[in-house]
file query.txt (compact mmCIF, C-alpha atoms)
# COMPACT_ATOMS: atom_id res chain seq x y z
CA MET S 23 94.20 -69.38 26.94
CA PHE S 24 95.76 -66.58 24.84
CA LYS S 25 97.25 -63.93 27.04
CA VAL S 26 97.82 -60.34 25.83
CA SER S 27 100.96 -58.75 27.09
CA ASN S 28 101.13 -55.35 28.64
CA GLU S 29 103.23 -54.00 25.76
CA THR S 30 100.50 -55.02 23.33
CA LYS S 31 97.83 -53.32 25.41
CA VAL S 32 99.89 -50.15 25.56
CA GLY S 33 100.42 -50.24 21.78
CA ILE S 34 96.73 -50.73 21.09
CA LEU S 35 95.82 -47.92 23.48
CA ALA S 36 98.38 -45.57 21.85
CA ALA S 37 97.07 -46.38 18.36
CA VAL S 38 93.48 -45.76 19.41
CA SER S 39 94.51 -42.50 21.09
CA ILE S 40 96.34 -41.32 17.96
CA ALA S 41 93.34 -42.23 15.81
CA MET S 42 90.99 -40.36 18.12
CA LEU S 43 93.33 -37.38 18.10
CA ILE S 44 93.46 -37.29 14.32
CA LEU S 45 89.67 -37.72 14.10
CA GLY S 46 89.03 -34.97 16.64
CA PHE S 47 91.50 -32.60 14.96
CA ASN S 48 89.82 -33.10 11.60
CA LEU S 49 86.40 -32.67 13.13
CA LEU S 50 87.51 -29.39 14.70
CA LYS S 51 88.75 -28.27 11.30
CA GLY S 52 85.42 -29.22 9.77
CA LYS S 53 86.65 -32.36 8.02
CA SER S 54 84.77 -35.60 8.14
CA LEU S 55 86.59 -38.91 7.54
CA PHE S 56 83.46 -40.97 7.14
CA SER S 57 81.36 -38.89 4.72
CA LYS S 58 81.97 -38.29 1.05
CA THR S 59 82.86 -34.65 0.40
CA LYS S 60 83.52 -32.47 -2.63
CA LYS S 61 86.31 -29.92 -2.76
CA ILE S 62 86.02 -26.72 -4.73
CA TYR S 63 88.36 -23.75 -4.75
CA ALA S 64 88.04 -19.98 -4.79
CA ILE S 65 90.76 -17.39 -5.30
CA TYR S 66 90.49 -14.07 -3.33
CA SER S 67 92.61 -10.95 -3.20
CA GLN S 68 91.61 -10.55 0.47
CA VAL S 69 89.69 -12.80 2.84
CA ASN S 70 88.67 -10.26 5.56
CA GLY S 71 89.76 -12.56 8.42
CA LEU S 72 88.29 -15.80 7.03
CA GLN S 73 89.54 -18.82 9.00
CA PRO S 74 89.45 -22.60 8.53
CA SER S 75 86.28 -24.26 9.78
CA ASN S 76 84.17 -21.16 8.96
CA PRO S 77 80.86 -22.32 7.48
CA VAL S 78 79.89 -22.44 3.82
CA GLN S 79 76.23 -21.56 3.37
CA VAL S 80 73.65 -21.72 0.60
CA ASN S 81 70.48 -19.69 1.26
CA GLY S 82 71.36 -19.67 4.98
CA LEU S 83 71.89 -23.47 5.13
CA VAL S 84 75.34 -24.75 6.16
CA VAL S 85 76.48 -27.10 3.36
CA GLY S 86 80.17 -27.31 4.26
CA ASN S 87 83.09 -25.42 5.70
CA VAL S 88 86.37 -23.78 4.88
CA SER S 89 89.04 -26.47 5.08
CA ASN S 90 92.23 -24.59 4.15
CA LEU S 91 93.71 -21.24 3.05
CA GLU S 92 96.97 -20.93 1.10
CA ILE S 93 98.98 -18.01 -0.28
CA MET S 94 99.56 -18.35 -4.03
CA ASP S 95 102.39 -15.75 -4.34
CA LYS S 96 104.98 -14.07 -2.16
CA ASN S 97 103.08 -10.75 -2.06
CA ALA S 98 99.92 -12.46 -0.79
CA GLY S 99 98.05 -10.88 -3.67
CA LYS S 100 96.08 -14.07 -4.25
CA ILE S 101 94.81 -16.44 -1.58
CA LEU S 102 93.51 -19.90 -2.46
CA VAL S 103 90.59 -20.98 -0.27
CA GLU S 104 89.57 -24.62 -0.18
CA LEU S 105 85.86 -25.20 0.37
CA ARG S 106 84.70 -28.64 1.50
CA ILE S 107 81.10 -29.34 0.53
CA THR S 108 79.51 -32.04 2.70
CA LYS S 109 75.95 -31.86 1.41
CA LYS S 110 74.87 -33.55 -1.78
CA ILE S 111 74.03 -30.46 -3.80
CA ASP S 112 74.69 -29.41 -7.39
CA ILE S 113 76.42 -26.05 -7.71
CA PRO S 114 76.03 -24.33 -11.12
CA GLN S 115 79.31 -23.35 -12.75
CA ASN S 116 78.45 -19.63 -12.85
CA SER S 117 77.78 -19.49 -9.09
CA VAL S 118 79.66 -17.00 -6.90
CA ALA S 119 81.28 -17.64 -3.49
CA ARG S 120 81.14 -14.44 -1.41
CA ILE S 121 82.91 -13.83 1.87
CA ALA S 122 80.35 -12.22 4.20
CA SER S 123 80.15 -11.34 7.90
CA ASP S 124 77.30 -10.83 10.34
CA LEU S 125 76.89 -8.03 12.92
CA LEU S 126 79.07 -9.93 15.40
CA GLY S 127 81.92 -10.20 12.88
CA THR S 128 81.60 -13.95 12.24
CA LYS S 129 82.88 -14.76 8.76
CA SER S 130 81.29 -17.21 6.35
CA VAL S 131 81.28 -18.08 2.65
CA GLN S 132 77.91 -17.52 0.97
CA ILE S 133 77.38 -19.36 -2.35
CA ASP S 134 74.96 -17.60 -4.70
CA PHE S 135 73.69 -20.08 -7.27
CA GLY S 136 73.87 -19.18 -10.93
CA ASN S 137 71.56 -20.30 -13.74
CA ALA S 138 73.98 -22.52 -15.70
CA ASN S 139 72.98 -26.06 -16.59
CA ALA S 140 76.51 -27.42 -15.98
CA TYR S 141 77.64 -28.03 -12.39
CA LEU S 142 80.96 -27.84 -10.56
CA GLU S 143 82.85 -31.07 -10.02
CA ASP S 144 85.38 -32.04 -7.36
CA GLY S 145 88.46 -29.83 -7.71
CA ASP S 146 86.81 -27.09 -9.83
CA THR S 147 87.19 -23.39 -9.11
CA ILE S 148 84.22 -21.14 -8.34
CA TYR S 149 83.97 -17.39 -8.92
CA ALA S 150 84.98 -15.41 -5.83
CA ALA S 151 83.68 -12.14 -4.41
CA VAL S 152 84.06 -10.23 -1.14
CA ASP S 153 81.29 -8.23 0.52
CA GLY S 154 82.27 -4.87 1.92
CA SER S 155 82.62 -4.53 5.69
CA ILE S 156 80.30 -2.46 7.84
CA THR S 157 82.93 0.25 7.92
CA ASP S 158 83.03 0.33 4.14
CA ALA S 159 79.23 0.52 4.04
CA LEU S 160 79.25 3.40 6.51
CA LYS S 161 81.92 5.18 4.48
CA GLU S 162 79.85 4.71 1.37
CA GLN S 163 76.78 6.15 3.10
CA LEU S 164 78.66 9.01 4.73
CA SER S 165 80.65 10.10 1.69
CA PRO S 166 77.73 12.01 0.05
CA LEU S 167 76.88 13.55 3.41
CA VAL S 168 80.47 14.66 3.93
CA LYS S 169 80.52 16.24 0.46
CA LYS S 170 77.26 18.09 1.19
CA LEU S 171 78.62 19.21 4.55
CA GLU S 172 81.77 20.54 2.92
CA GLY S 173 79.65 22.48 0.40
CA THR S 174 77.47 23.84 3.21
CA LEU S 175 80.47 24.91 5.25
CA GLY S 176 81.89 26.64 2.18
CA SER S 177 78.60 28.51 1.72
CA VAL S 178 78.52 29.47 5.40
CA ASP S 179 82.09 30.69 5.16
CA SER S 180 81.16 32.82 2.15
CA VAL S 181 78.14 34.24 3.96
CA LEU S 182 80.25 35.10 6.99
CA LEU S 183 82.82 36.82 4.80
CA THR S 184 80.03 38.81 3.16
CA VAL S 185 78.54 39.73 6.54
CA ASN S 186 81.96 40.83 7.82
CA SER S 187 82.45 42.99 4.73
CA ILE S 188 78.99 44.58 5.07
CA PHE S 189 78.88 45.29 8.80
CA ASP S 190 81.19 47.96 10.16
CA PRO S 191 82.37 47.90 13.82
CA SER S 192 79.51 50.11 15.02
CA THR S 193 76.94 47.93 13.28
CA LYS S 194 78.52 44.83 14.81
CA GLY S 195 78.33 46.46 18.24
CA ASN S 196 74.67 47.29 17.72
CA LEU S 197 74.05 43.74 16.56
CA ARG S 198 75.75 42.34 19.66
CA GLU S 199 73.68 44.66 21.85
CA ALA S 200 70.49 43.60 20.07
CA ILE S 201 71.40 39.94 20.56
CA ALA S 202 72.10 40.61 24.25
CA HIS S 203 68.70 42.33 24.57
CA LEU S 204 67.14 39.40 22.75
CA ASN S 205 68.74 37.02 25.24
CA THR S 206 67.37 39.13 28.09
CA THR S 207 63.93 39.12 26.47
CA MET S 208 64.07 35.36 26.02
CA ASN S 209 65.07 34.93 29.67
CA ASN S 210 62.16 37.14 30.74
CA PHE S 211 59.88 35.19 28.47
CA THR S 212 61.14 31.96 30.02
CA ARG S 213 60.43 33.26 33.53
CA THR S 214 57.02 34.51 32.42
CA SER S 215 56.28 31.14 30.89
CA ALA S 216 57.35 29.43 34.12
CA SER S 217 55.07 31.77 36.10
CA LEU S 218 52.19 31.06 33.75
CA ASN S 219 52.84 27.35 34.07
CA SER S 220 52.78 27.63 37.86
CA MET S 221 49.57 29.68 37.68
CA LEU S 222 48.00 27.17 35.29
CA ASP S 223 49.13 24.20 37.37
CA PRO S 224 46.06 21.96 37.61
CA GLN S 225 46.95 21.04 41.19
CA HIS S 226 48.26 24.15 42.94
CA GLY S 227 47.92 27.01 40.42
CA ASN S 228 46.30 30.36 41.15
CA VAL S 229 43.91 29.88 38.25
CA LYS S 230 42.68 26.65 39.81
CA ALA S 231 42.23 28.42 43.15
CA THR S 232 40.33 31.24 41.41
CA PHE S 233 38.05 28.78 39.65
CA ASP S 234 37.56 26.90 42.92
CA ASN S 235 36.58 30.16 44.65
CA LEU S 236 34.28 31.04 41.76
CA GLU S 237 32.72 27.61 41.93
CA SER S 238 32.27 27.98 45.71
CA LEU S 239 30.73 31.45 45.20
CA THR S 240 28.30 30.21 42.58
CA ALA S 241 27.43 27.27 44.83
CA ASN S 242 26.72 29.64 47.72
CA LEU S 243 24.60 31.85 45.46
CA LYS S 244 22.72 28.79 44.30
CA ASN S 245 22.20 27.56 47.87
CA ASN S 246 21.07 31.03 49.05
CA ASN S 247 18.94 31.73 46.01
CA ASP S 248 15.74 31.72 48.06
CA LYS S 249 17.19 34.17 50.62
CA ILE S 250 18.42 36.48 47.87
CA ASN S 251 14.98 36.39 46.25
CA ALA S 252 13.39 37.21 49.63
CA ILE S 253 15.81 40.14 50.19
CA LEU S 254 15.10 41.47 46.71
CA GLY S 255 11.39 41.09 47.35
CA ASN S 256 11.64 43.00 50.63
CA ALA S 257 13.67 45.73 48.92
CA GLU S 258 11.05 45.95 46.20
CA LYS S 259 8.30 46.21 48.81
CA THR S 260 10.24 48.92 50.67
CA THR S 261 10.80 51.00 47.57
CA ALA S 262 7.15 50.54 46.62
CA ALA S 263 6.10 51.69 50.09
CA LEU S 264 8.37 54.70 49.86
CA ALA S 265 7.05 55.50 46.42
CA ASN S 266 3.42 55.09 47.48
CA GLY S 267 3.79 56.78 50.94
CA GLN S 268 3.56 60.49 51.83
CA LEU S 269 7.32 61.00 51.72
CA ASP S 270 7.01 64.69 50.84
CA LYS S 271 4.71 65.29 53.77
CA THR S 272 7.08 63.50 56.15
CA LEU S 273 10.01 65.58 54.93
CA LEU S 274 7.97 68.78 55.37
CA GLU S 275 7.10 67.80 58.95
CA LEU S 276 10.77 67.08 59.67
CA GLN S 277 11.69 70.51 58.27
CA GLN S 278 9.05 72.20 60.47
CA MET S 279 10.30 70.29 63.50
CA ALA S 280 13.84 71.46 62.80
CA THR S 281 12.57 75.05 62.50
CA ARG S 282 10.79 74.79 65.88
CA LEU S 283 13.92 73.28 67.46
CA ASN S 284 15.98 76.19 66.16
CA GLU S 285 13.45 78.67 67.57
CA THR S 286 13.55 76.93 70.96
CA ILE S 287 17.35 77.03 71.02
CA ALA S 288 17.20 80.74 70.08
CA LYS S 289 14.82 81.43 72.99
CA LEU S 290 17.11 79.54 75.32
CA ASN S 291 19.99 81.71 74.18
CA SER S 292 17.97 84.95 74.67
CA THR S 293 17.13 86.62 78.05
CA ASP S 294 13.39 86.95 77.44
CA GLY S 295 12.25 83.85 79.30
CA SER S 296 12.98 82.35 82.69
CA ILE S 297 15.07 79.56 81.30
CA GLY S 298 16.98 82.05 79.12
CA LEU S 299 17.64 84.29 82.17
CA MET S 300 18.69 81.25 84.14
CA LEU S 301 21.09 80.17 81.43
CA ASN S 302 22.41 83.61 80.48
CA ASP S 303 22.11 85.92 83.56
CA LYS S 304 24.91 85.31 86.11
CA LYS S 305 23.10 87.08 88.93
CA VAL S 306 20.13 84.73 88.63
CA TYR S 307 22.52 81.84 88.71
CA ASN S 308 24.26 83.21 91.86
CA ASN S 309 20.92 83.85 93.62
CA LEU S 310 19.78 80.35 92.79
CA GLN S 311 23.10 78.99 94.08
CA ASN S 312 22.75 80.97 97.36
CA SER S 313 19.19 79.70 97.77
CA LEU S 314 20.35 76.15 97.34
CA ASN S 315 23.14 76.67 99.89
CA SER S 316 20.64 78.11 102.39
CA LEU S 317 18.30 75.21 101.81
CA ASN S 318 21.15 72.76 102.37
CA LYS S 319 22.04 74.47 105.70
CA LEU S 320 18.39 74.36 106.78
CA LEU S 321 18.16 70.69 106.04
CA GLU S 322 21.44 70.06 107.83
CA ASP S 323 20.30 72.00 110.90
CA LEU S 324 17.02 70.10 110.86
CA ARG S 325 18.99 66.87 110.91
CA VAL S 326 21.35 68.02 113.75
CA ASN S 327 18.85 69.96 115.88
CA PRO S 328 15.44 68.49 115.23
CA LYS S 329 14.13 69.60 118.65
CA ARG S 330 14.61 73.22 117.62
CA TYR S 331 11.78 72.77 115.18
CA VAL S 332 9.73 70.04 116.90
CA HIS S 333 9.74 70.51 120.72
CA PHE S 334 8.27 67.70 122.84
CA SER S 335 9.22 67.19 126.53
CA LEU S 336 7.43 65.85 129.59
CA PHE S 337 9.52 67.83 132.11
CA GLY S 338 9.83 71.07 130.21
CA LYS S 339 13.63 70.92 129.84
CA LYS S 340 14.95 72.76 126.86
CA ALA S 341 17.43 70.86 124.66
CA LYS S 342 20.84 72.29 123.99
CA VAL S 343 21.35 73.65 120.48
CA GLN S 344 24.18 71.91 118.56
CA PRO S 345 26.21 73.72 115.86
CA ILE S 346 25.83 72.31 112.39
CA PRO S 347 28.88 70.58 110.81
CA SER S 348 29.19 73.03 107.95
CA ASP S 349 29.50 76.01 110.29
CA THR S 350 32.00 74.15 112.42
CA ALA S 351 34.08 73.34 109.39
CA LYS S 352 34.15 77.04 108.39
CA THR S 353 35.15 78.11 111.91
CA LEU S 354 38.04 75.72 111.97
call {"tool": "encode", "arguments": {"input": "query.txt", "output": "structure tokens"}}
result
Amino acid sequence: MFKVSNETKVGILAAVSIAMLILGFNLLKGKSLFSKTKKIYAIYSQVNGLQPSNPVQVNGLVVGNVSNLEIMDKNAGKILVELRITKKIDIPQNSVARIASDLLGTKSVQIDFGNANAYLEDGDTIYAAVDGSITDALKEQLSPLVKKLEGTLGSVDSVLLTVNSIFDPSTKGNLREAIAHLNTTMNNFTRTSASLNSMLDPQHGNVKATFDNLESLTANLKNNNDKINAILGNAEKTTAALANGQLDKTLLELQQMATRLNETIAKLNSTDGSIGLMLNDKKVYNNLQNSLNSLNKLLEDLRVNPKRYVHFSLFGKKAKVQPIPSDTAKTL
């Protein structure tokens, strides 16, 4: 039986490894060793970071890749880009290969088909173009705005120069004072607006509380409508009774009563009657006071010595007379 030596096995393994390495390197570069490809070339003055293996697209479809980039002169003014087309497509001769980039900065070559009836063959050169970068697009959009801004700033500068030439120092001071007052007014307006907002707050504002109170008041009026009607009816009856009654007669009687009361008080103040003498004559008052004192002593003696006035004894013995307490108190 044929026996393979170890050296042969090592050689075969090394050859297979080298072949796999070459195949993998070409695959990473976008080259295929087993498919038929077509090479076309494009010459650019700048490639905007284009690298080998970047895709070549037609209408968004990847039809190949960039296989190589070479400098054509020492100043790098021209760069030759080799495009490997792997799809079986016909590219018109007046087509354009544009270097484009997406928002993430990934570069690609976009082929825009022309309308020629003749097609590019292997090794032909295609027209080249480079799309502007996002920065270039922004510059292009901002350039008119910058020009307008410069014109506006120039106008503002002219206006300020004119204002400075018109306004003297006193006028400038007055203007500053007016602006300060305007700021104060705006601050007051802001506080007023905040107060109004707090008052108009639908949850805790004073206006809401006022409307709630008004609603409660109207509800109470509605609930007590019958009572209010009864009170108004009673008031109407009272006024009708007063209107229909002899109010004038009652007032006349009250006036006559007041006149009689005045006459009575006048008699009391005079010394014509007994009551008047009693109220106005001091002697009458003293006599009355002495009479009352005598009456009090009599009653006191009656209480202390009752046998002096009512004598009743079976043996005929006379009771001893006791002094009354008031006389004893005076003696002491």
call {"tool": "closest_atom_pairs", "arguments": {"input": "query.txt", "of": "segment 174-221 of chain S", "to": "segment 225-242 of chain S", "cutoff": "9 Å", "atoms": "only C-alpha atoms", "output": "JSON lines"}}
result
{"residue": "S:Leu218", "atom": "CA", "partner": "S:Gly227", "partner_atom": "CA", "distance": 8.9}
{"residue": "S:Asn219", "atom": "CA", "partner": "S:Gly227", "partner_atom": "CA", "distance": 8.0}
{"residue": "S:Ser220", "atom": "CA", "partner": "S:Gly227", "partner_atom": "CA", "distance": 5.5}
{"residue": "S:Met221", "atom": "CA", "partner": "S:Gly227", "partner_atom": "CA", "distance": 4.2}
call {"tool": "atom_distance", "arguments": {"input": "query.txt", "atom1": "atom CA of Ile121 of chain S", "atom2": "atom CA of Gly99 of chain S"}}
result
16.4 Å
call {"tool": "atom_distance", "arguments": {"input": "query.txt", "atom1": "atom CA of Gly71 of chain S", "atom2": "atom CA of Asn97 of chain S"}}
result
17.0 Å
call {"tool": "closest_residue", "arguments": {"input": "query.txt", "among": "S:Asn81, S:Ser89, S:Asn284, S:Ser75", "to": "Tyr63 of chain S", "atoms": "all atoms listed in the file"}}
result
S:Ser89
call {"tool": "atom_distance", "arguments": {"input": "query.txt", "atom1": "atom CA of Ser67 of chain S", "atom2": "atom CA of Lys129 of chain S"}}
result
15.9 Å
